[in-house]
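Student: Input final-v5.txt, format and content: compact mmCIF, C-alpha atoms and all ligand atoms.
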# COMPACT_ATOMS: atom_id res chain seq x y z
CA MET Y 1 33.83 236.87 217.23
CA ASP Y 2 33.75 236.72 213.47
CA ASP Y 3 37.34 236.68 212.31
CA THR Y 4 36.82 236.27 208.57
CA LEU Y 5 39.41 237.94 206.36
CA PHE Y 6 36.71 239.06 203.95
CA PRO Y 7 33.95 240.56 206.09
CA ASP Y 8 30.88 242.09 204.48
CA THR Y 9 30.00 244.40 207.33
CA PRO Y 10 32.27 246.98 208.92
CA ARG Y 11 33.49 246.31 212.43
CA TRP Y 12 33.86 249.63 214.21
CA GLU Y 13 35.48 250.16 217.58
CA GLY Y 14 32.58 250.98 219.88
CA ASP Y 15 30.67 253.99 218.68
CA GLY Y 16 33.82 255.83 217.57
CA THR Y 17 34.87 256.62 214.02
CA HIS Y 18 38.59 257.06 214.64
CA ARG Y 19 39.33 253.69 213.03
CA ILE Y 20 37.65 253.19 209.70
CA PRO Y 21 37.16 249.62 208.46
CA PHE Y 22 38.66 248.99 205.01
CA VAL Y 23 35.50 247.15 204.04
CA ALA Y 24 33.61 250.46 204.10
CA TYR Y 25 35.50 251.26 200.88
CA THR Y 26 35.24 247.92 199.12
CA ASP Y 27 31.91 246.18 199.72
CA GLU Y 28 29.35 246.20 196.87
CA ALA Y 29 26.27 245.95 199.10
CA LEU Y 30 27.42 248.79 201.34
CA TYR Y 31 28.16 250.84 198.27
CA ARG Y 32 24.64 250.34 196.93
CA ARG Y 33 23.25 251.36 200.30
CA GLU Y 34 25.37 254.51 200.11
CA LEU Y 35 23.95 255.33 196.68
CA GLU Y 36 20.43 254.85 198.01
CA ARG Y 37 20.83 256.70 201.29
CA PHE Y 38 23.21 259.49 200.29
CA PHE Y 39 22.84 260.11 196.57
CA TYR Y 40 19.22 259.16 195.86
CA ARG Y 41 17.43 259.97 199.14
CA GLY Y 42 17.46 262.88 201.54
CA HIS Y 43 20.51 264.72 200.13
CA TRP Y 44 21.10 267.54 197.68
CA CYS Y 45 23.64 266.67 195.01
CA TYR Y 46 25.65 269.02 192.85
CA VAL Y 47 24.63 269.36 189.21
CA GLY Y 48 26.46 272.38 187.82
CA LEU Y 49 26.67 276.13 187.37
CA GLU Y 50 23.92 278.22 185.79
CA ALA Y 51 26.69 279.75 183.65
CA GLU Y 52 27.08 276.40 181.89
CA ILE Y 53 23.61 276.73 180.36
CA PRO Y 54 23.17 280.49 179.83
CA ASN Y 55 20.60 280.38 176.98
CA PRO Y 56 17.12 278.91 176.61
CA GLY Y 57 17.46 275.36 175.25
CA ASP Y 58 20.99 274.87 176.63
CA PHE Y 59 21.63 271.65 178.48
CA LYS Y 60 24.40 269.79 180.23
CA ARG Y 61 24.54 266.06 180.87
CA THR Y 62 25.98 265.01 184.22
CA ALA Y 63 25.42 262.43 186.96
CA ILE Y 64 24.04 262.09 190.46
CA GLY Y 65 25.52 258.96 191.96
CA GLU Y 66 25.42 256.56 189.02
CA ARG Y 67 22.25 258.03 187.53
CA SER Y 68 22.57 260.17 184.43
CA VAL Y 69 20.75 263.51 184.58
CA LEU Y 70 20.30 266.55 182.36
CA MET Y 71 20.39 270.11 183.59
CA THR Y 72 18.28 272.07 181.11
CA ARG Y 73 17.13 275.63 180.59
CA ALA Y 74 13.58 275.96 179.29
CA ALA Y 75 12.33 278.68 176.93
CA ASP Y 76 11.21 280.80 179.90
CA GLY Y 77 14.68 280.60 181.47
CA THR Y 78 13.71 278.14 184.22
CA ILE Y 79 16.33 275.54 185.10
CA HIS Y 80 15.17 271.93 185.28
CA VAL Y 81 16.95 268.73 186.16
CA VAL Y 82 15.51 265.58 184.60
CA GLU Y 83 16.70 262.00 184.50
CA ASN Y 84 18.33 260.80 181.29
CA VAL Y 85 16.17 257.67 181.10
CA CYS Y 86 13.52 257.43 178.42
CA ALA Y 87 10.03 256.93 179.84
CA HIS Y 88 9.37 254.29 177.17
CA ARG Y 89 11.80 251.40 177.42
CA GLY Y 90 14.33 253.06 179.63
CA MET Y 91 17.10 254.06 177.27
CA ARG Y 92 19.71 256.59 178.33
CA PHE Y 93 18.77 258.74 175.39
CA CYS Y 94 21.10 261.74 175.57
CA ARG Y 95 24.77 261.16 174.85
CA GLU Y 96 26.10 264.68 174.26
CA ARG Y 97 27.76 266.41 177.17
CA HIS Y 98 26.43 269.84 176.25
CA GLY Y 99 24.15 271.26 173.62
CA ASN Y 100 21.10 273.31 172.81
CA ARG Y 101 17.70 271.97 171.90
CA GLN Y 102 14.03 272.68 172.46
CA ILE Y 103 13.09 269.01 172.23
CA PHE Y 104 14.95 265.85 173.27
CA THR Y 105 14.19 262.86 171.07
CA CYS Y 106 15.07 259.34 172.13
CA PRO Y 107 16.67 257.63 169.14
CA TYR Y 108 15.09 254.23 169.81
CA HIS Y 109 11.40 254.97 169.07
CA GLN Y 110 11.58 258.75 168.97
CA TRP Y 111 9.54 259.62 172.01
CA SER Y 112 10.26 263.29 172.49
CA TYR Y 113 10.45 265.49 175.56
CA ALA Y 114 10.46 269.16 176.44
CA PRO Y 115 13.37 270.53 178.56
CA ASP Y 116 11.17 270.24 181.67
CA GLY Y 117 10.76 266.51 181.00
CA ALA Y 118 7.16 266.62 179.68
CA LEU Y 119 6.44 263.99 177.05
CA ARG Y 120 5.50 265.79 173.83
CA ASN Y 121 5.10 263.14 171.20
CA VAL Y 122 4.90 259.39 170.71
CA PRO Y 123 5.24 258.27 167.08
CA LEU Y 124 2.61 255.81 165.86
CA ARG Y 125 0.59 256.49 168.95
CA ARG Y 126 -2.62 256.11 166.95
CA GLY Y 127 -1.32 253.11 165.02
CA VAL Y 128 -1.29 252.79 161.25
CA ARG Y 129 -4.24 252.94 158.92
CA GLN Y 130 -4.56 250.14 156.41
CA ASP Y 131 -7.57 249.50 154.20
CA GLY Y 132 -9.64 251.83 156.34
CA GLU Y 133 -8.66 250.00 159.53
CA VAL Y 134 -6.54 251.29 162.39
CA LEU Y 135 -3.88 248.81 163.38
CA GLY Y 136 -1.87 248.90 166.58
CA GLY Y 137 -0.92 252.05 168.42
CA MET Y 138 -1.01 252.88 172.12
CA PRO Y 139 -4.12 252.10 174.17
CA ALA Y 140 -6.80 254.78 173.91
CA ASP Y 141 -6.32 255.76 177.54
CA PHE Y 142 -2.57 256.33 177.17
CA ASP Y 143 -1.94 259.73 178.73
CA LEU Y 144 1.16 261.69 177.66
CA ALA Y 145 1.04 263.61 180.95
CA GLN Y 146 1.66 260.38 182.90
CA HIS Y 147 4.83 259.51 181.02
CA GLY Y 148 7.31 262.32 181.31
CA LEU Y 149 10.94 262.03 182.39
CA THR Y 150 11.69 261.77 186.10
CA ARG Y 151 11.95 265.34 187.37
CA LEU Y 152 14.21 266.19 190.25
CA GLN Y 153 13.88 268.83 192.95
CA VAL Y 154 16.09 271.79 192.07
CA ALA Y 155 17.86 274.26 194.36
CA ARG Y 156 19.72 277.28 192.99
CA ARG Y 157 21.91 279.53 195.03
CA GLY Y 158 24.55 282.04 193.93
CA GLY Y 159 24.60 280.59 190.40
CA VAL Y 160 25.07 276.98 191.54
CA VAL Y 161 22.52 274.24 190.88
CA PHE Y 162 21.84 271.27 193.13
CA ALA Y 163 19.18 268.61 192.63
CA ALA Y 164 17.55 265.77 194.55
CA PHE Y 165 15.55 262.73 193.46
CA ASP Y 166 13.82 262.80 196.84
CA PRO Y 167 10.75 265.09 196.92
CA ALA Y 168 10.96 265.10 200.73
CA VAL Y 169 14.50 266.54 200.85
CA GLU Y 170 14.92 269.38 203.35
CA PRO Y 171 15.41 272.97 202.07
CA PHE Y 172 18.92 273.46 200.64
CA GLU Y 173 19.81 276.14 203.19
CA ASP Y 174 18.91 273.82 206.07
CA TYR Y 175 20.83 271.05 204.37
CA LEU Y 176 24.03 273.11 204.44
CA GLY Y 177 23.38 274.64 207.86
CA PRO Y 178 24.33 278.22 208.80
CA GLU Y 179 28.08 277.69 209.25
CA ILE Y 180 28.70 276.02 205.88
CA LEU Y 181 26.21 278.29 204.15
CA ARG Y 182 28.40 281.20 205.19
CA TRP Y 183 31.40 279.74 203.34
CA PHE Y 184 29.25 278.81 200.37
CA ASP Y 185 28.00 282.40 200.14
CA ARG Y 186 31.49 283.82 200.46
CA LEU Y 187 32.40 282.19 197.14
CA PHE Y 188 29.01 282.41 195.45
CA ASP Y 189 27.94 285.84 196.61
CA GLY Y 190 25.63 286.64 193.70
CA ARG Y 191 28.26 287.79 191.17
CA ARG Y 192 27.66 286.27 187.75
CA LEU Y 193 29.97 283.36 187.14
CA VAL Y 194 31.99 282.82 183.98
CA LEU Y 195 32.88 279.30 182.88
CA LEU Y 196 36.62 278.87 182.23
CA GLY Y 197 36.87 275.15 181.48
CA TYR Y 198 36.88 271.57 182.71
CA ASN Y 199 39.21 268.81 183.81
CA ARG Y 200 37.92 265.27 183.92
CA GLN Y 201 39.52 262.19 185.38
CA ARG Y 202 38.61 258.70 186.50
CA ILE Y 203 40.21 257.75 189.79
CA PRO Y 204 40.41 254.05 190.72
CA GLY Y 205 39.40 254.51 194.35
CA ASN Y 206 36.31 254.73 196.53
CA TRP Y 207 34.40 258.02 196.23
CA LYS Y 208 34.63 258.73 199.98
CA LEU Y 209 38.40 258.95 199.73
CA MET Y 210 38.05 262.18 197.78
CA GLN Y 211 35.81 263.66 200.47
CA GLU Y 212 38.37 262.53 203.05
CA ASN Y 213 41.22 264.03 201.07
CA ILE Y 214 39.62 267.46 201.38
CA LYS Y 215 38.74 266.87 205.02
CA ASP Y 216 42.40 266.15 205.74
CA PRO Y 217 44.32 269.38 206.25
CA TYR Y 218 47.33 267.46 207.53
CA HIS Y 219 48.46 265.94 204.23
CA PRO Y 220 48.90 269.00 201.96
CA GLY Y 221 51.96 270.22 203.84
CA LEU Y 222 53.51 266.75 203.74
CA LEU Y 223 52.46 264.97 200.57
CA HIS Y 224 52.50 267.92 198.20
CA THR Y 225 56.03 268.95 197.32
CA TRP Y 226 54.63 271.86 195.40
CA PHE Y 227 52.65 273.31 198.30
CA VAL Y 228 55.49 272.87 200.74
CA THR Y 229 58.21 274.23 198.51
CA PHE Y 230 56.32 277.30 197.33
CA GLY Y 231 54.57 277.92 200.64
CA LEU Y 232 50.96 277.83 199.47
CA TRP Y 233 49.70 275.52 202.20
CA ARG Y 234 51.50 274.84 205.44
CA ALA Y 235 50.41 273.07 208.58
CA ASP Y 236 51.32 276.12 210.67
CA ASN Y 237 49.22 278.55 208.63
CA ARG Y 238 46.52 280.31 210.63
CA SER Y 239 43.49 278.15 210.09
CA GLN Y 240 40.09 276.95 211.19
CA LEU Y 241 38.06 273.83 210.59
CA ARG Y 242 34.28 274.15 210.60
CA MET Y 243 31.46 271.62 210.25
CA ASP Y 244 27.68 271.66 210.05
CA ALA Y 245 25.78 270.31 213.05
CA ARG Y 246 25.68 266.77 211.60
CA HIS Y 247 29.38 266.81 210.60
CA ARG Y 248 28.72 265.81 207.02
CA HIS Y 249 29.97 269.02 205.40
CA ALA Y 250 33.10 270.95 206.31
CA ALA Y 251 35.19 274.00 205.54
CA MET Y 252 38.99 274.11 205.85
CA ILE Y 253 39.93 277.76 206.12
CA SER Y 254 43.55 278.81 205.82
CA THR Y 255 45.45 282.08 205.70
CA ARG Y 256 48.80 282.02 204.01
CA GLY Y 257 51.77 283.89 205.38
CA ALA Y 258 50.48 284.04 208.92
CA ALA Y 259 52.93 281.33 209.95
CA GLY Y 260 56.43 281.48 211.37
CA GLN Y 261 59.66 280.76 209.54
CA ALA Y 262 60.12 277.96 207.09
CA ALA Y 263 62.33 276.07 209.57
CA GLN Y 264 59.53 273.69 210.49
CA VAL Y 265 58.72 272.76 206.96
CA THR Y 266 62.27 272.46 205.69
CA GLN Y 267 62.53 269.29 207.77
CA VAL Y 268 59.70 267.84 205.75
CA SER Y 269 61.13 265.58 203.06
CA SER Y 270 58.79 266.93 200.43
CA PHE Y 271 60.44 270.38 200.75
CA LYS Y 272 62.68 270.67 197.69
CA GLU Y 273 64.97 273.64 198.03
CA SER Y 274 66.34 273.18 194.54
CA MET Y 275 62.92 273.30 192.88
CA LYS Y 276 62.50 276.61 191.08
CA LEU Y 277 59.76 278.04 188.92
CA ASN Y 278 60.66 278.79 185.33
CA ASP Y 279 57.68 281.09 185.10
CA PRO Y 280 57.39 283.23 188.24
CA SER Y 281 54.09 284.68 186.99
CA PHE Y 282 52.62 281.42 188.19
CA LEU Y 283 52.83 282.70 191.75
CA ASP Y 284 51.48 286.12 190.93
CA ILE Y 285 48.82 285.96 193.62
CA VAL Y 286 46.54 288.97 193.93
CA PRO Y 287 44.34 289.16 197.04
CA GLU Y 288 40.68 289.80 196.26
CA PRO Y 289 38.27 291.75 198.48
CA TRP Y 290 35.71 288.92 198.68
CA TRP Y 291 38.27 286.65 200.36
CA GLY Y 292 37.81 288.61 203.55
CA GLY Y 293 41.21 287.35 204.74
CA PRO Y 294 41.56 283.59 204.14
CA THR Y 295 43.72 282.70 201.12
CA ALA Y 296 42.33 279.19 200.76
CA VAL Y 297 38.97 277.76 201.70
CA MET Y 298 38.12 274.20 200.74
CA THR Y 299 34.51 273.25 201.39
CA THR Y 300 33.21 269.70 201.19
CA ILE Y 301 29.48 269.42 200.56
CA PHE Y 302 28.56 265.83 201.32
CA PRO Y 303 28.29 263.64 199.34
CA SER Y 304 28.86 265.06 195.87
CA VAL Y 305 31.03 268.14 195.60
CA ILE Y 306 34.02 270.12 196.76
CA LEU Y 307 34.15 273.88 196.44
CA GLN Y 308 37.66 275.14 195.93
CA GLN Y 309 39.25 278.51 196.50
CA GLN Y 310 43.04 278.25 196.41
CA VAL Y 311 44.25 281.83 196.15
CA ASN Y 312 42.97 283.04 192.75
CA SER Y 313 41.88 279.66 191.44
CA VAL Y 314 38.26 278.75 192.04
CA SER Y 315 36.46 275.61 190.95
CA THR Y 316 33.88 273.02 191.80
CA ARG Y 317 34.94 269.37 191.90
CA HIS Y 318 32.14 266.93 191.25
CA ILE Y 319 32.29 263.35 192.59
CA GLN Y 320 30.47 260.76 190.44
CA PRO Y 321 30.86 257.27 191.90
CA ARG Y 322 30.99 254.21 189.66
CA GLY Y 323 31.10 251.15 191.87
CA PRO Y 324 32.93 250.94 195.22
CA GLY Y 325 36.37 251.11 193.61
CA SER Y 326 36.13 253.98 191.14
CA PHE Y 327 34.73 257.46 190.58
CA ASP Y 328 34.76 260.15 187.96
CA PHE Y 329 35.99 263.50 189.16
CA VAL Y 330 34.98 266.56 187.16
CA TRP Y 331 36.54 269.95 187.82
CA THR Y 332 34.74 273.07 186.63
CA HIS Y 333 36.99 276.11 186.69
CA PHE Y 334 35.23 279.44 186.73
CA GLY Y 335 35.72 283.15 187.26
CA PHE Y 336 33.50 286.17 187.79
CA GLU Y 337 31.90 288.53 185.34
CA ASP Y 338 33.82 291.55 186.59
CA ASP Y 339 37.25 289.87 186.28
CA SER Y 340 39.79 291.71 184.13
CA ASN Y 341 41.47 289.72 181.34
CA GLU Y 342 44.55 289.67 183.49
CA MET Y 343 42.63 288.12 186.39
CA THR Y 344 41.13 285.51 184.08
CA ARG Y 345 44.61 284.56 182.86
CA ARG Y 346 45.82 284.42 186.45
CA ARG Y 347 42.97 282.09 187.46
CA LEU Y 348 43.73 279.84 184.51
CA ARG Y 349 47.47 279.80 185.24
CA GLN Y 350 46.89 278.88 188.86
CA ALA Y 351 44.48 276.14 187.78
CA ASN Y 352 47.60 274.24 186.65
CA LEU Y 353 47.89 273.16 190.29
CA PHE Y 354 44.70 271.15 189.93
CA GLY Y 355 43.12 268.48 187.78
CA PRO Y 356 44.46 265.06 186.80
CA ALA Y 357 47.95 266.31 185.96
CA GLY Y 358 47.92 269.25 188.38
CA PHE Y 359 51.17 270.10 190.17
CA VAL Y 360 49.34 269.34 193.42
CA SER Y 361 46.29 267.25 192.58
CA ALA Y 362 48.13 264.54 190.65
CA ASP Y 363 49.49 263.46 194.04
CA ASP Y 364 46.00 263.08 195.51
CA GLY Y 365 44.78 260.89 192.65
CA GLU Y 366 47.72 258.56 193.22
CA VAL Y 367 47.38 258.23 197.00
CA ILE Y 368 43.68 257.46 196.58
CA GLU Y 369 44.46 254.77 194.02
CA PHE Y 370 47.11 253.17 196.24
CA SER Y 371 44.86 253.31 199.31
CA GLN Y 372 42.09 251.50 197.45
CA GLN Y 373 44.52 248.78 196.33
CA ALA Y 374 45.44 248.08 199.94
CA PHE Y 375 41.81 248.18 201.13
CA GLU Y 376 40.80 245.57 198.58
CA SER Y 377 43.66 243.27 199.53
CA LYS Y 378 42.70 243.09 203.23
CA PRO Y 379 39.19 244.40 203.90
CA PHE Y 380 39.27 243.10 207.50
CA HIS Y 381 41.76 245.82 208.45
CA ARG Y 382 41.11 249.51 209.31
CA THR Y 383 42.65 252.96 208.97
CA VAL Y 384 43.71 255.09 211.95
CA ALA Y 385 42.29 258.61 212.01
CA GLU Y 386 43.30 259.72 215.50
CA LEU Y 387 45.27 262.86 214.80
CA GLY Y 388 43.92 265.52 217.12
CA GLY Y 389 42.17 262.91 219.29
CA ARG Y 390 39.26 260.54 218.85
CA GLU Y 391 36.46 263.05 219.13
CA VAL Y 392 34.71 265.29 216.63
CA GLY Y 393 34.62 269.08 216.79
CA ASP Y 394 35.63 272.35 215.14
CA THR Y 395 39.24 273.47 215.66
CA GLU Y 396 41.46 276.53 215.30
CA HIS Y 397 44.30 274.53 213.76
CA MET Y 398 44.89 271.96 211.06
CA VAL Y 399 46.75 269.22 212.85
CA THR Y 400 43.74 266.98 213.17
CA GLU Y 401 41.64 264.38 211.37
CA THR Y 402 38.48 265.56 213.11
CA LEU Y 403 36.61 266.25 209.86
CA ILE Y 404 37.11 262.67 208.71
CA ARG Y 405 35.86 261.35 212.04
CA GLY Y 406 32.90 263.71 211.71
CA MET Y 407 31.99 262.46 208.24
CA TYR Y 408 32.05 258.85 209.42
CA ARG Y 409 29.96 259.69 212.45
CA TYR Y 410 27.33 260.89 210.01
CA TRP Y 411 27.94 257.90 207.72
CA ARG Y 412 27.27 255.53 210.61
CA GLU Y 413 24.17 257.43 211.65
CA VAL Y 414 22.65 257.07 208.19
CA MET Y 415 24.01 253.68 207.18
CA GLU Y 416 23.21 251.93 210.45
CA ALA Y 417 19.71 253.38 210.79
S1 LIG L 1 13.22 253.62 174.52
FE1 LIG L 1 13.09 255.70 174.14
S2 LIG L 1 11.59 255.85 172.64
FE2 LIG L 1 11.64 253.73 173.06
FE FE L 2 45.91 266.97 198.50
Please render this file's structure as C-alpha cells.

Tutor:
Amino acid sequence: MDDTLFPDTPRWEGDGTHRIPFVAYTDEALYRRELERFFYRGHWCYVGLEAEIPNPGDFKRTAIGERSVLMTRAADGTIHVVENVCAHRGMRFCRERHGNRQIFTCPYHQWSYAPDGALRNVPLRRGVRQDGEVLGGMPADFDLAQHGLTRLQVARRGGVVFAAFDPAVEPFEDYLGPEILRWFDRLFDGRRLVLLGYNRQRIPGNWKLMQENIKDPYHPGLLHTWFVTFGLWRADNRSQLRMDARHRHAAMISTRGAAGQAAQVTQVSSFKESMKLNDPSFLDIVPEPWWGGPTAVMTTIFPSVILQQQVNSVSTRHIQPRGPGSFDFVWTHFGFEDDSNEMTRRRLRQANLFGPAGFVSADDGEVIEFSQQAFESKPFHRTVAELGGREVGDTEHMVTETLIRGMYRYWREVMEA
C-alpha cells in the first residue's frame, strides 16, 4: 500500500464517504478536475439576480469557477451571460463590477461587442489606405459572426439567473430535482426582488468547505455563540434535511421555538448567559406568510451557491473558487418589492449576522481557514463525518452529517468516472 505522506489521489474507505481525505481539499490536479467537471461541464452555476440589472444595457461582472463572465441585459430586455474574454487576443476586457452600456469595447485593440456577445466592430479591419494602396487589415474572409464572445446557456427562475458553459446541460428544473425546487420556489416565488446590498470576502480555504458548512446542521448550535445565546438555531429545533436524488443539493429546514427548554443548550460552552443585546430591535423577528412555518431554510445548490433564509434576512451566497486553497464569497442581500420600509430595515439589521464580520458568519470563515491549514500540513489524513451513521439519506432531525456524506457520494461519482 502506498503510504506516502503527500498523496496526490484520495484514499477513501471502501465506497463510503464518511471519511473524507484531506487531499481532496489541497491537490491542484483534483481541483482542476473539479473546475472542469462541476463548474464548466454539466452543471448550472449561479450568476445573479435579475434585480441587479433592471434596465436595458445594465451589466454585472461575476465569475463561474475561475472564469469571468458578464450578466447583461440587452435592449429588448433579454438577459445574456457571456464570457469576459475578448475574442481577439483573449483579454479579460471588462473590469467594472456593474455598469450600463450598449457596447462593450476591449481596450487593447477596441474590438466591440453587443450585450449578447455579438462582435460589432473591428478597427482597421480593412487596413489602411496609403498612396491608393490598401495595406494590412483582416483577411477578406474574416467573418464577424464567427468571432463573438463565448455565450453561455441561461436559466431564469423566480428572478434568479443561472448559467452554464455546457450546451448539453440538463434543464434547470431537472438539475435541482423536485424536492429542492420546492425550497427554491418557496423563496423565489415570483415576487419582484429588491437588491439591498453586498458583502464580499476572500476565505483562505477550499471551496467545498463552504458547501459543507451549510450541509452541517450540527455546528451552528455549538460553534456560534450568537445563535446559541439568542436561540436562533438550536440542535433540538424541529427540523428536516432534504436532498435531491443525486445528493448534490440540500435543504436544511428548521423551525425556531419548537424545542424544549434551554437546559440542553446551557451546557454548551458557547452559551454566554451574560451576553446581552444593546439594541433589542435586532431580534425583532416578524414571521412572514411565505415562510409556511420554517423560520430558517438554508439551501445549498451544488456547486456554486447557497440560498439563505434566516428569519427575516434573505440572501444568496456565491462561491467563486480561486485555486484549491481559497475562494471568494459574495453575499447578495435582497428583499421583496412589497416590503414596507420597516421590513427593509429589519432585513438589513438582521443581515448583521452574516458576511465577513457577521455576528455568526465570522466564525465560519475562521473555522474554514483553520481546517484548510491542517489539511495542507498532512494531506494523507482524513476527516470523520459519521454523525448520524455512515449512510446517506433525508432525516427529520439535525444531529447528522448525512448531507456532507451525500455531497461526497456525488463528488466521487463524478470525479471517479
Ligand atoms: S485583445 Fe481585445 S481587442 Fe485585441
Ligand atoms: Fe455556521

Student: Within 8 Å of ligand FE 2 (chain L) (counting all atoms listed in the file), which residues show up? I'd like them as a PDB file with C-alpha atoms, in the coordinates of the input.

Tutor:
ATOM      1  CA  ASN Y 213      41.220 264.030 201.070  1.00  0.00           C
ATOM      2  CA  ILE Y 214      39.620 267.460 201.380  1.00  0.00           C
ATOM      3  CA  HIS Y 219      48.460 265.940 204.230  1.00  0.00           C
ATOM      4  CA  PRO Y 220      48.900 269.000 201.960  1.00  0.00           C
ATOM      5  CA  LEU Y 223      52.460 264.970 200.570  1.00  0.00           C
ATOM      6  CA  HIS Y 224      52.500 267.920 198.200  1.00  0.00           C
ATOM      7  CA  VAL Y 360      49.340 269.340 193.420  1.00  0.00           C
ATOM      8  CA  SER Y 361      46.290 267.250 192.580  1.00  0.00           C
ATOM      9  CA  ASP Y 363      49.490 263.460 194.040  1.00  0.00           C
ATOM     10  CA  ASP Y 364      46.000 263.080 195.510  1.00  0.00           C
TER      11      ASP Y 364
END

Student: Pick from Y:Val297, Y:Val23, Y:Val47, Y:Ile285: nearest to Y:Asn312, with only C-alpha atoms counted?

Tutor: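 Closest to Y:Asn312 of all the choices is Y:Ile285.
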
Student: Counting only C-alpha atoms, which of Y:Thr105, Y:Thr344, Y:Ser371, Y:Asn206 gets nearest to Y:Asp27?

Tutor: Y:Asn206

Student: Please tabulate, as CSV, the residues of chain Y that come within 12 Å of ligand LIG 1 (chain L), each with its closest pair of atoms and the distance in Å to one decimal, counting all atoms listed in the file and ordering rows by chain, then residue number upward.

Tutor:
residue,atom,partner,partner_atom,distance
Y:Asn84,CA,L:LIG1,FE1,10.2
Y:Val85,CA,L:LIG1,FE1,7.9
Y:Cys86,CA,L:LIG1,FE1,4.6
Y:Ala87,CA,L:LIG1,FE1,6.6
Y:His88,CA,L:LIG1,S1,4.7
Y:Arg89,CA,L:LIG1,S1,3.9
Y:Gly90,CA,L:LIG1,S1,5.3
Y:Met91,CA,L:LIG1,S1,4.8
Y:Arg92,CA,L:LIG1,FE1,7.9
Y:Phe93,CA,L:LIG1,FE1,6.6
Y:Cys94,CA,L:LIG1,FE1,10.1
Y:Phe104,CA,L:LIG1,FE1,10.4
Y:Thr105,CA,L:LIG1,S2,7.6
Y:Cys106,CA,L:LIG1,FE1,4.6
Y:Pro107,CA,L:LIG1,S2,6.4
Y:Tyr108,CA,L:LIG1,FE2,4.8
Y:His109,CA,L:LIG1,S2,3.7
Y:Gln110,CA,L:LIG1,S2,4.7
Y:Trp111,CA,L:LIG1,S2,4.3
Y:Ser112,CA,L:LIG1,S2,7.6
Y:Tyr113,CA,L:LIG1,S2,10.1
Y:Leu119,CA,L:LIG1,S2,10.6
Y:Arg120,CA,L:LIG1,S2,11.7
Y:Asn121,CA,L:LIG1,S2,9.9
Y:Val122,CA,L:LIG1,S2,7.8
Y:Pro123,CA,L:LIG1,S2,8.8
Y:Leu124,CA,L:LIG1,S2,11.3
Y:Arg125,CA,L:LIG1,S2,11.6
Y:His147,CA,L:LIG1,S2,11.4
Y:Gly148,CA,L:LIG1,FE1,11.3
Y:Leu149,CA,L:LIG1,FE1,10.6

Student: Using Å and a single decimal, report how far atom CA of Y:Leu152 sits from atom CA of Y:Phe165.

Tutor: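 Taking atom CA of Y:Phe165 and atom CA of Y:Leu152, their separation equals 4.9 Å.
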
Student: Write out as a PyMOL selection string which residues come within 7 Å of Y:Ser315 when counting only C-alpha atoms, dropping same-chain ones fewer than 5 positions away.

Tutor: chain Y and resi 307-309+331-334

Student: Hey, what's within 9 Å of Y:Asn55 if we count only C-alpha atoms and toss same-chain stuff fewer than 6 positions away? As JSON, numbers by chain, please?

Tutor: {"Y": [73, 74, 75, 77, 100]}

Student: Quote the spacing between atom CA of Y:Tyr408 and atom CA of Y:Phe22 in Å to one decimal place.

Tutor: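 The value is 12.7 Å.
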
Student: Neighbouring residues of stretch 383-400 of chain Y were defined as those with any atom within 6 Å, considering only C-alpha atoms; residues of the same chain fewer than 2 positions away were excluded. Please report them as a PDB file with C-alpha atoms, in the coordinates of the input.

Tutor:
ATOM      1  CA  HIS Y  18      38.590 257.060 214.640  1.00  0.00           C
ATOM      2  CA  ARG Y  19      39.330 253.690 213.030  1.00  0.00           C
ATOM      3  CA  ILE Y  20      37.650 253.190 209.700  1.00  0.00           C
ATOM      4  CA  PRO Y 217      44.320 269.380 206.250  1.00  0.00           C
ATOM      5  CA  TYR Y 218      47.330 267.460 207.530  1.00  0.00           C
ATOM      6  CA  SER Y 239      43.490 278.150 210.090  1.00  0.00           C
ATOM      7  CA  GLN Y 240      40.090 276.950 211.190  1.00  0.00           C
ATOM      8  CA  LEU Y 241      38.060 273.830 210.590  1.00  0.00           C
ATOM      9  CA  ARG Y 242      34.280 274.150 210.600  1.00  0.00           C
ATOM     10  CA  THR Y 402      38.480 265.560 213.110  1.00  0.00           C
ATOM     11  CA  GLY Y 406      32.900 263.710 211.710  1.00  0.00           C
TER      12      GLY Y 406
END

Student: Between atom CA of Y:Gln372 and atom CA of Y:Gly325, measure the distance and give it in Å to one decimal.

Tutor: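 Between atom CA of Y:Gln372 and atom CA of Y:Gly325 the gap works out to 6.9 Å.
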
Student: Which residue is closest to Y:Ala250? Choose from Y:Gly293, Y:Trp233, Y:Leu181, Y:Arg192 and count all atoms listed in the file.

Tutor: Y:Leu181

Student: Need to verify the contact set: Y:Arg156, 10 Å, only C-alpha atoms, exclusion of same-chain residues closer than 4 positions in sequence. Can you return it as a list in words?

Tutor: Gly48, Leu49, Glu50, Ile79, Val160, Val161, Phe162, Ala163 and Phe172 of chain Y
